[in-house]
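Student: This is my_file.cif, which holds mmCIF, C-alpha atoms, pLDDT in the B column; chains and numbers go by the auth columns:
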```cif
data_my_file
loop_
_atom_site.group_PDB
_atom_site.id
_atom_site.type_symbol
_atom_site.label_atom_id
_atom_site.label_comp_id
_atom_site.label_asym_id
_atom_site.label_seq_id
_atom_site.Cartn_x
_atom_site.Cartn_y
_atom_site.Cartn_z
_atom_site.B_iso_or_equiv
_atom_site.auth_seq_id
_atom_site.auth_asym_id
ATOM 1 C CA MET A 1 36.877 -6.613 -10.941 56.00 1 V
ATOM 2 C CA GLN A 2 33.938 -6.302 -8.573 85.00 2 V
ATOM 3 C CA ASN A 3 34.227 -3.506 -6.010 83.00 3 V
ATOM 4 C CA TRP A 4 30.971 -4.269 -4.206 79.00 4 V
ATOM 5 C CA LYS A 5 29.655 -7.306 -2.423 78.00 5 V
ATOM 6 C CA ILE A 6 26.367 -7.918 -0.651 78.00 6 V
ATOM 7 C CA ILE A 7 27.080 -9.926 2.488 77.00 7 V
ATOM 8 C CA THR A 8 24.424 -12.214 3.938 77.00 8 V
ATOM 9 C CA ASN A 9 26.673 -14.973 5.298 75.00 9 V
ATOM 10 C CA PRO A 10 26.376 -14.997 9.131 71.00 10 V
ATOM 11 C CA ILE A 11 30.114 -15.642 9.611 69.00 11 V
ATOM 12 C CA GLU A 12 31.088 -12.680 7.421 70.00 12 V
ATOM 13 C CA LEU A 13 28.440 -10.518 9.098 68.00 13 V
ATOM 14 C CA GLU A 14 29.854 -11.390 12.518 70.00 14 V
ATOM 15 C CA SER A 15 33.219 -10.005 11.370 67.00 15 V
ATOM 16 C CA ILE A 16 31.710 -6.555 10.728 61.00 16 V
ATOM 17 C CA LYS A 17 30.061 -6.163 14.134 56.00 17 V
ATOM 18 C CA GLU A 18 32.625 -3.536 15.169 55.00 18 V
ATOM 19 C CA PHE A 19 31.478 -1.272 12.318 54.00 19 V
ATOM 20 C CA ASN A 20 27.875 -1.848 13.313 47.00 20 V
ATOM 21 C CA ASN A 21 28.425 -0.767 16.918 52.00 21 V
ATOM 22 C CA ASP A 22 28.121 -4.437 17.859 47.00 22 V
ATOM 23 C CA SER A 23 24.613 -4.543 16.396 61.00 23 V
ATOM 24 C CA ASP A 24 23.424 -7.630 14.635 73.00 24 V
ATOM 25 C CA CYS A 25 22.539 -7.331 10.992 77.00 25 V
ATOM 26 C CA SER A 26 21.338 -9.766 8.358 79.00 26 V
ATOM 27 C CA ILE A 27 22.706 -7.965 5.295 78.00 27 V
ATOM 28 C CA ALA A 28 25.508 -5.515 4.509 80.00 28 V
ATOM 29 C CA LEU A 29 26.857 -3.724 1.457 79.00 29 V
ATOM 30 C CA PHE A 30 30.643 -4.007 1.415 74.00 30 V
ATOM 31 C CA HIS A 31 33.142 -2.113 -0.754 73.00 31 V
ATOM 32 C CA LYS A 32 36.555 -3.733 -1.261 79.00 32 V
ATOM 33 C CA ASP A 33 38.455 -0.523 -0.378 79.00 33 V
ATOM 34 C CA ARG A 34 36.074 1.280 1.968 72.00 34 V
ATOM 35 C CA GLY A 35 34.558 -1.588 3.940 73.00 35 V
ATOM 36 C CA VAL A 36 30.935 -1.716 5.015 74.00 36 V
ATOM 37 C CA ILE A 37 28.932 1.120 3.511 74.00 37 V
ATOM 38 C CA MET A 38 25.448 0.096 4.603 78.00 38 V
ATOM 39 C CA SER A 39 23.693 -2.591 6.602 77.00 39 V
ATOM 40 C CA ASP A 40 20.382 -3.266 8.264 79.00 40 V
ATOM 41 C CA ALA A 41 21.905 -2.749 11.721 78.00 41 V
ATOM 42 C CA ASP A 42 19.628 -1.076 14.254 79.00 42 V
ATOM 43 C CA PHE A 43 21.590 2.188 14.354 76.00 43 V
ATOM 44 C CA GLU A 44 21.285 2.572 10.582 78.00 44 V
ATOM 45 C CA LEU A 45 17.550 1.946 10.664 81.00 45 V
ATOM 46 C CA GLU A 46 17.180 4.424 13.539 83.00 46 V
ATOM 47 C CA ASP A 47 18.878 7.086 11.405 83.00 47 V
ATOM 48 C CA MET A 48 16.065 6.677 8.839 87.00 48 V
ATOM 49 C CA GLN A 49 13.298 6.989 11.409 90.00 49 V
ATOM 50 C CA GLU A 50 12.822 10.776 11.357 91.00 50 V
ATOM 51 C CA PHE A 51 12.302 10.639 7.604 94.00 51 V
ATOM 52 C CA LEU A 52 9.926 7.659 7.785 94.00 52 V
ATOM 53 C CA ASP A 53 7.986 9.236 10.671 94.00 53 V
ATOM 54 C CA SER A 54 7.263 12.232 8.425 95.00 54 V
ATOM 55 C CA LYS A 55 4.939 9.875 6.468 96.00 55 V
ATOM 56 C CA PRO A 56 6.351 10.549 2.993 97.00 56 V
ATOM 57 C CA ASP A 57 3.847 10.238 0.176 96.00 57 V
ATOM 58 C CA GLY A 58 3.477 11.193 -3.457 97.00 58 V
ATOM 59 C CA HIS A 59 6.750 11.400 -5.352 98.00 59 V
ATOM 60 C CA VAL A 60 9.830 10.717 -3.223 98.00 60 V
ATOM 61 C CA LEU A 61 13.366 11.380 -4.448 98.00 61 V
ATOM 62 C CA VAL A 62 16.055 9.284 -2.760 98.00 62 V
ATOM 63 C CA ALA A 63 19.754 9.948 -3.278 96.00 63 V
ATOM 64 C CA GLY A 64 21.653 6.709 -2.724 92.00 64 V
ATOM 65 C CA LEU A 65 20.361 3.216 -3.516 94.00 65 V
ATOM 66 C CA GLY A 66 22.578 1.141 -1.249 89.00 66 V
ATOM 67 C CA LEU A 67 20.771 -2.053 -0.284 92.00 67 V
ATOM 68 C CA GLY A 68 17.385 -0.495 -1.054 94.00 68 V
ATOM 69 C CA ILE A 69 16.218 -0.677 2.556 93.00 69 V
ATOM 70 C CA VAL A 70 14.591 2.766 2.562 95.00 70 V
ATOM 71 C CA ILE A 71 13.047 2.037 -0.851 96.00 71 V
ATOM 72 C CA ASP A 72 11.489 -1.176 0.522 95.00 72 V
ATOM 73 C CA LEU A 73 10.091 0.707 3.521 94.00 73 V
ATOM 74 C CA LEU A 74 8.676 3.457 1.294 97.00 74 V
ATOM 75 C CA LEU A 75 6.972 0.892 -0.927 97.00 75 V
ATOM 76 C CA GLU A 76 4.979 -0.226 2.123 94.00 76 V
ATOM 77 C CA ASN A 77 3.520 3.302 2.318 89.00 77 V
ATOM 78 C CA ASP A 78 1.439 5.559 0.113 85.00 78 V
ATOM 79 C CA VAL A 79 4.076 6.698 -2.361 96.00 79 V
ATOM 80 C CA SER A 80 3.222 6.978 -6.023 97.00 80 V
ATOM 81 C CA LEU A 81 6.804 7.140 -7.312 98.00 81 V
ATOM 82 C CA ILE A 82 10.281 6.730 -5.880 98.00 82 V
ATOM 83 C CA SER A 83 13.068 8.210 -8.007 98.00 83 V
ATOM 84 C CA VAL A 84 16.452 6.948 -6.855 98.00 84 V
ATOM 85 C CA ILE A 85 19.719 8.632 -7.827 98.00 85 V
ATOM 86 C CA GLU A 86 22.723 6.295 -7.596 95.00 86 V
ATOM 87 C CA ILE A 87 26.237 7.224 -8.665 93.00 87 V
ATOM 88 C CA ASP A 88 27.719 3.724 -8.805 91.00 88 V
ATOM 89 C CA SER A 89 26.642 1.455 -11.673 94.00 89 V
ATOM 90 C CA GLU A 90 27.834 -1.624 -9.798 91.00 90 V
ATOM 91 C CA VAL A 91 25.509 -0.834 -6.872 92.00 91 V
ATOM 92 C CA ILE A 92 22.687 -0.523 -9.416 96.00 92 V
ATOM 93 C CA GLU A 93 23.675 -3.934 -10.844 93.00 93 V
ATOM 94 C CA LYS A 94 23.636 -5.506 -7.360 92.00 94 V
ATOM 95 C CA THR A 95 20.482 -3.929 -5.904 94.00 95 V
ATOM 96 C CA GLY A 96 18.511 -2.605 -8.865 95.00 96 V
ATOM 97 C CA PRO A 97 17.175 -5.915 -10.225 96.00 97 V
ATOM 98 C CA LYS A 98 14.781 -6.358 -7.302 95.00 98 V
ATOM 99 C CA TYR A 99 12.921 -3.234 -8.529 97.00 99 V
ATOM 100 C CA GLU A 100 12.798 -4.133 -12.227 96.00 100 V
ATOM 101 C CA GLY A 101 9.225 -4.038 -13.440 96.00 101 V
ATOM 102 C CA ASN A 102 8.017 -2.034 -10.441 97.00 102 V
ATOM 103 C CA PRO A 103 6.282 1.035 -11.916 97.00 103 V
ATOM 104 C CA ARG A 104 6.693 2.887 -8.592 98.00 104 V
ATOM 105 C CA VAL A 105 10.518 2.804 -8.683 98.00 105 V
ATOM 106 C CA GLU A 106 12.854 4.458 -11.173 98.00 106 V
ATOM 107 C CA ILE A 107 16.616 4.266 -10.752 98.00 107 V
ATOM 108 C CA ILE A 108 18.679 7.071 -12.245 98.00 108 V
ATOM 109 C CA HIS A 109 22.417 6.584 -12.719 98.00 109 V
ATOM 110 C CA ASP A 110 23.788 9.989 -11.744 97.00 110 V
ATOM 111 C CA ASP A 111 25.654 11.899 -9.033 94.00 111 V
ATOM 112 C CA ALA A 112 23.349 13.604 -6.499 94.00 112 V
ATOM 113 C CA LYS A 113 25.817 16.485 -6.229 92.00 113 V
ATOM 114 C CA VAL A 114 25.284 17.464 -9.869 95.00 114 V
ATOM 115 C CA PHE A 115 21.889 15.915 -10.617 97.00 115 V
ATOM 116 C CA ASN A 116 19.472 18.269 -12.379 96.00 116 V
ATOM 117 C CA ILE A 117 16.280 17.937 -10.351 95.00 117 V
ATOM 118 C CA SER A 118 14.385 19.731 -13.115 93.00 118 V
ATOM 119 C CA SER A 119 14.871 16.633 -15.275 95.00 119 V
ATOM 120 C CA LEU A 120 12.310 14.745 -13.160 96.00 120 V
ATOM 121 C CA LYS A 121 8.855 14.369 -14.730 92.00 121 V
ATOM 122 C CA THR A 122 7.199 15.678 -11.568 95.00 122 V
ATOM 123 C CA PRO A 123 8.689 17.584 -8.640 96.00 123 V
ATOM 124 C CA PRO A 124 9.248 15.484 -5.522 98.00 124 V
ATOM 125 C CA ASN A 125 7.079 15.886 -2.430 97.00 125 V
ATOM 126 C CA TYR A 126 9.882 14.499 -0.244 98.00 126 V
ATOM 127 C CA ILE A 127 13.622 14.153 -0.670 98.00 127 V
ATOM 128 C CA TYR A 128 15.790 11.755 1.315 96.00 128 V
ATOM 129 C CA LEU A 129 19.555 12.110 0.963 94.00 129 V
ATOM 130 C CA ASP A 130 20.613 8.620 1.981 88.00 130 V
ATOM 131 C CA ILE A 131 24.298 9.125 1.345 81.00 131 V
ATOM 132 C CA TRP A 132 27.348 9.540 3.480 69.00 132 V
ATOM 133 C CA ASP A 133 30.282 7.924 1.791 54.00 133 V
ATOM 134 C CA SER A 134 30.226 10.145 -1.295 48.00 134 V
ATOM 135 C CA CYS A 135 29.808 13.277 0.838 49.00 135 V
ATOM 136 C CA GLU A 136 32.046 12.590 3.824 57.00 136 V
ATOM 137 C CA GLU A 137 32.859 16.185 4.502 76.00 137 V
ATOM 138 C CA TYR A 138 30.369 18.050 6.621 79.00 138 V
ATOM 139 C CA GLN A 139 30.310 21.107 4.347 82.00 139 V
ATOM 140 C CA SER A 140 29.580 18.918 1.317 84.00 140 V
ATOM 141 C CA ARG A 141 26.590 17.464 3.153 84.00 141 V
ATOM 142 C CA LEU A 142 25.362 20.967 4.063 88.00 142 V
ATOM 143 C CA ASP A 143 25.754 22.057 0.435 89.00 143 V
ATOM 144 C CA LEU A 144 23.752 19.052 -0.727 91.00 144 V
ATOM 145 C CA LEU A 145 21.025 19.776 1.813 91.00 145 V
ATOM 146 C CA LYS A 146 20.882 23.403 0.663 94.00 146 V
ATOM 147 C CA LYS A 147 20.740 22.416 -3.020 95.00 147 V
ATOM 148 C CA TYR A 148 17.769 20.098 -2.555 96.00 148 V
ATOM 149 C CA SER A 149 15.968 22.330 -0.053 96.00 149 V
ATOM 150 C CA ALA A 150 15.619 24.892 -2.846 95.00 150 V
ATOM 151 C CA TYR A 151 13.309 22.428 -4.649 94.00 151 V
ATOM 152 C CA CYS A 152 11.367 20.835 -1.839 96.00 152 V
ATOM 153 C CA GLU A 153 10.382 21.771 1.712 95.00 153 V
ATOM 154 C CA ASN A 154 10.518 18.158 2.960 97.00 154 V
ATOM 155 C CA VAL A 155 14.220 17.319 2.736 96.00 155 V
ATOM 156 C CA PHE A 156 15.899 14.866 5.094 93.00 156 V
ATOM 157 C CA ILE A 157 19.514 13.754 5.218 90.00 157 V
ATOM 158 C CA TRP A 158 20.638 10.450 6.661 83.00 158 V
ATOM 159 C CA ALA A 159 22.739 10.670 9.858 78.00 159 V
ATOM 160 C CA MET A 160 23.233 14.437 9.764 77.00 160 V
ATOM 161 C CA ASP A 161 23.542 14.510 13.550 76.00 161 V
ATOM 162 C CA ARG A 162 26.417 12.011 13.388 74.00 162 V
ATOM 163 C CA SER A 163 28.059 14.077 10.652 73.00 163 V
ATOM 164 C CA GLU A 164 27.755 17.197 12.840 76.00 164 V
ATOM 165 C CA GLN A 165 29.352 15.353 15.786 76.00 165 V
ATOM 166 C CA ILE A 166 32.303 14.201 13.686 73.00 166 V
ATOM 167 C CA HIS A 167 32.742 17.707 12.274 70.00 167 V
ATOM 168 C CA SER A 168 32.590 19.212 15.764 77.00 168 V
ATOM 169 C CA LYS A 169 35.251 16.811 17.067 77.00 169 V
ATOM 170 C CA LYS A 170 37.515 17.627 14.117 75.00 170 V
ATOM 171 C CA GLN A 171 37.104 21.369 14.739 75.00 171 V
ATOM 172 C CA LYS A 172 37.942 20.985 18.432 80.00 172 V
ATOM 173 C CA SER A 173 41.087 19.014 17.633 77.00 173 V
ATOM 174 C CA LEU A 174 42.426 21.725 15.288 71.00 174 V
#
```
Once you've parsed the file, please lay out its structure as structure tokens.

Tutor:
Amino acid sequence: MQNWKIITNPIELESIKEFNNDSDCSIALFHKDRGVIMSDADFELEDMQEFLDSKPDGHVLVAGLGLGIVIDLLLENDVSLISVIEIDSEVIEKTGPKYEGNPRVEIIHDDAKVFNISSLKTPPNYIYLDIWDSCEEYQSRLDLLKKYSAYCENVFIWAMDRSEQIHSKKQKSL
């Protein structure tokens, strides 16, 4: 049974507007139990902007393949290699084929929480932790940030400010 679906149908996309803060999108990654995990909605692209504005180059490590949006944007820039860690083999099956044969992209089937960064052929110049769903808890995201910051000074994490806001609201309600 397929857990993941890439949605490009305008009628289906219209039905997920609530998730996307009423933003339009042309593509979304949908999980049968968890709903929309990623899209090209404006707010999602804005959350990548700080990382992209840092002008990543050289070897970039990305945790989380998703739809490959950040990979596509990095390929437009001066990066020599993009190593992508993805935990879900079905996501790799859905998105990975568009990078087959591209010598600048390697996809590694592993969990970013336990991935051995020393196994990379060269150390990354930049790291982008483009995950949320597998690290919902704020502390888990902080732990992941700390782990990767020990290997690279240019580490960015997608939507950390939103994660902090959610954590703060939960703490206030306790």

Student: Give as a ChimeraX atom specification the residues that the PyMOL selection byres ((chain V and resi 42) around 9) matches when applied to the coordinates above.

Tutor: /V:20,23-25,39-41,43-47

Student: Using all atoms listed in the file, find each residue in segment 57-164 of chain V having at least one atom no more than 10 Å away from segment 28-36 of chain V; report its shortest atom-to-atom pair and that distance in Å (one decimal), rows by chain then rising number, as a tab-separated table.

Tutor:
```
residue	atom	partner	partner_atom	distance
V:Gly66	CA	V:Leu29	CA	7.0
V:Leu67	CA	V:Leu29	CA	6.5
V:Val91	CA	V:Leu29	CA	8.9
V:Lys94	CA	V:Leu29	CA	9.6
V:Thr95	CA	V:Leu29	CA	9.7
V:Asp133	CA	V:Arg34	CA	8.8
```

Student: Smallest atom-to-atom distance to Phe51 of chain V: which of V:Ile85, V:Ile7, V:Ile117, V:Leu73, using all atoms listed in the file?

Tutor: V:Leu73

Student: Which residue out of V:Ala63, V:Lys169, V:Leu81, V:Leu74 has the minimum interatomic distance to Leu145 of chain V when only C-alpha atoms are used?

Tutor: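 Nearest candidate to Leu145 of chain V out of V:Ala63, V:Lys169, V:Leu81, V:Leu74: V:Ala63.
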
Student: In Å to one decimal, how far is atom CA of Asp143 of chain V from atom CA of His167 of chain V?

Tutor: 14.4 Å

Student: Pick out the closest residue to Ile71 of chain V from this set: V:Lys121, V:Lys5, V:Lys55, V:Arg104. Count all atoms listed in the file.

Tutor: V:Arg104

Student: With a distance cut-off of 8 Å and all atoms listed in the file, select the neighbouring residues of Pro56 of chain V, excluding the residue or stretch itself and same-chain residues fewer than 4 positions from it, and output the selection as a short mmCIF file (atom, residue, chain, number, x, y, z; two decimals) with C-alpha atoms, keeping the file's coordinate frame.

Tutor:
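Contents of the output file around-v5.cif:
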```cif
data_model
loop_
_atom_site.label_atom_id
_atom_site.label_comp_id
_atom_site.auth_asym_id
_atom_site.auth_seq_id
_atom_site.Cartn_x
_atom_site.Cartn_y
_atom_site.Cartn_z
CA PHE V 51 12.30 10.64 7.60
CA LEU V 52 9.93 7.66 7.78
CA VAL V 60 9.83 10.72 -3.22
CA LEU V 74 8.68 3.46 1.29
CA ASN V 77 3.52 3.30 2.32
CA ASP V 78 1.44 5.56 0.11
CA VAL V 79 4.08 6.70 -2.36
CA ASN V 125 7.08 15.89 -2.43
CA TYR V 126 9.88 14.50 -0.24
#
```

Student: One decimal, in Å: what's the spacing between atom CA of Thr122 of chain V and atom CA of Glu100 of chain V?

Tutor: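 Rounded to one decimal, the two atoms are 20.6 Å apart.
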
Student: Applying the PyMOL selection byres ((chain V and resi 62) around 9) to the file I just gave you, which residues come out? Please list them as a list in words.

Tutor: Val60, Leu61, Ala63, Gly64, Leu65, Val70, Ile71, Ile82, Ser83, Val84, Ile85, Glu86, Tyr126, Ile127, Tyr128, Leu129 and Asp130 of chain V

Student: Please, could you write that set of residues out with C-alpha atoms as a compact mmCIF listing (two decimals), keeping the file's coordinate frame?

Tutor:
```
# COMPACT_ATOMS: atom_id res chain seq x y z
CA VAL V 60 9.83 10.72 -3.22
CA LEU V 61 13.37 11.38 -4.45
CA ALA V 63 19.75 9.95 -3.28
CA GLY V 64 21.65 6.71 -2.72
CA LEU V 65 20.36 3.22 -3.52
CA VAL V 70 14.59 2.77 2.56
CA ILE V 71 13.05 2.04 -0.85
CA ILE V 82 10.28 6.73 -5.88
CA SER V 83 13.07 8.21 -8.01
CA VAL V 84 16.45 6.95 -6.86
CA ILE V 85 19.72 8.63 -7.83
CA GLU V 86 22.72 6.30 -7.60
CA TYR V 126 9.88 14.50 -0.24
CA ILE V 127 13.62 14.15 -0.67
CA TYR V 128 15.79 11.76 1.32
CA LEU V 129 19.56 12.11 0.96
CA ASP V 130 20.61 8.62 1.98
```

Student: Can you measure atom CA of Ser80 of chain V to atom CA of Ala150 of chain V for me? One decimal in Å is fine.

Tutor: 22.0 Å

Student: Given 5 Å on each side, where is the centre and what are the edge lengths in Å to one decimal of the axis-aligned box enclosing the listed atoms of segment 142-155 of chain V, as lines of an AutoDock Vina configuration file?

Tutor:
```
center_x = 18.1
center_y = 21.1
center_z = -0.3
size_x = 25.4
size_y = 17.6
size_z = 18.7
```

Student: Taking all atoms listed in the file into account, which of V:Ile92, V:Met48, V:Val155, V:Leu174 comes nearest Trp4 of chain V?

Tutor: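 Answer, going by the shortest atom-to-atom distance: V:Ile92.
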
Student: Give me the residues near Lys113 of chain V as a PyMOL selection string, where near means some atom within 10 Å (using all atoms listed in the file) and where sequence neighbours in that chain fewer than 3 positions away do not count.

Tutor: chain V and resi 63+87+110+116+134-135+140-141+143-145+147-148

Student: Which one of V:Ser54, V:Ser89, V:Asn102, V:Asn9 sits closest to Asp72 of chain V if you count all atoms listed in the file?

Tutor: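 Under the stated criterion, the closest residue is V:Asn102.
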
Student: Which is closer to Gly68 of chain V than all the others in V:Phe115, V:Ile6, V:Glu164, V:Gly101, using all atoms listed in the file?

Tutor: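 Distance minimum relative to Gly68 of chain V lands on V:Ile6.
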
Student: Got a sec to resolve the PyMOL selection byres ((chain V and resi 161) around 12) on this structure and send the residues as a ChimeraX atom specification?

Tutor: /V:46-48,50,132,138,141-142,156-160,162-168

Student: Would you write out those residues with C-alpha atoms, as an mmCIF file, keeping the file's coordinate frame?

Tutor:
```cif
data_model
loop_
_atom_site.group_PDB
_atom_site.id
_atom_site.type_symbol
_atom_site.label_atom_id
_atom_site.label_comp_id
_atom_site.auth_asym_id
_atom_site.auth_seq_id
_atom_site.Cartn_x
_atom_site.Cartn_y
_atom_site.Cartn_z
ATOM 1 C CA GLU V 46 17.180 4.424 13.539
ATOM 2 C CA ASP V 47 18.878 7.086 11.405
ATOM 3 C CA MET V 48 16.065 6.677 8.839
ATOM 4 C CA GLU V 50 12.822 10.776 11.357
ATOM 5 C CA TRP V 132 27.348 9.540 3.480
ATOM 6 C CA TYR V 138 30.369 18.050 6.621
ATOM 7 C CA ARG V 141 26.590 17.464 3.153
ATOM 8 C CA LEU V 142 25.362 20.967 4.063
ATOM 9 C CA PHE V 156 15.899 14.866 5.094
ATOM 10 C CA ILE V 157 19.514 13.754 5.218
ATOM 11 C CA TRP V 158 20.638 10.450 6.661
ATOM 12 C CA ALA V 159 22.739 10.670 9.858
ATOM 13 C CA MET V 160 23.233 14.437 9.764
ATOM 14 C CA ARG V 162 26.417 12.011 13.388
ATOM 15 C CA SER V 163 28.059 14.077 10.652
ATOM 16 C CA GLU V 164 27.755 17.197 12.840
ATOM 17 C CA GLN V 165 29.352 15.353 15.786
ATOM 18 C CA ILE V 166 32.303 14.201 13.686
ATOM 19 C CA HIS V 167 32.742 17.707 12.274
ATOM 20 C CA SER V 168 32.590 19.212 15.764
#
```
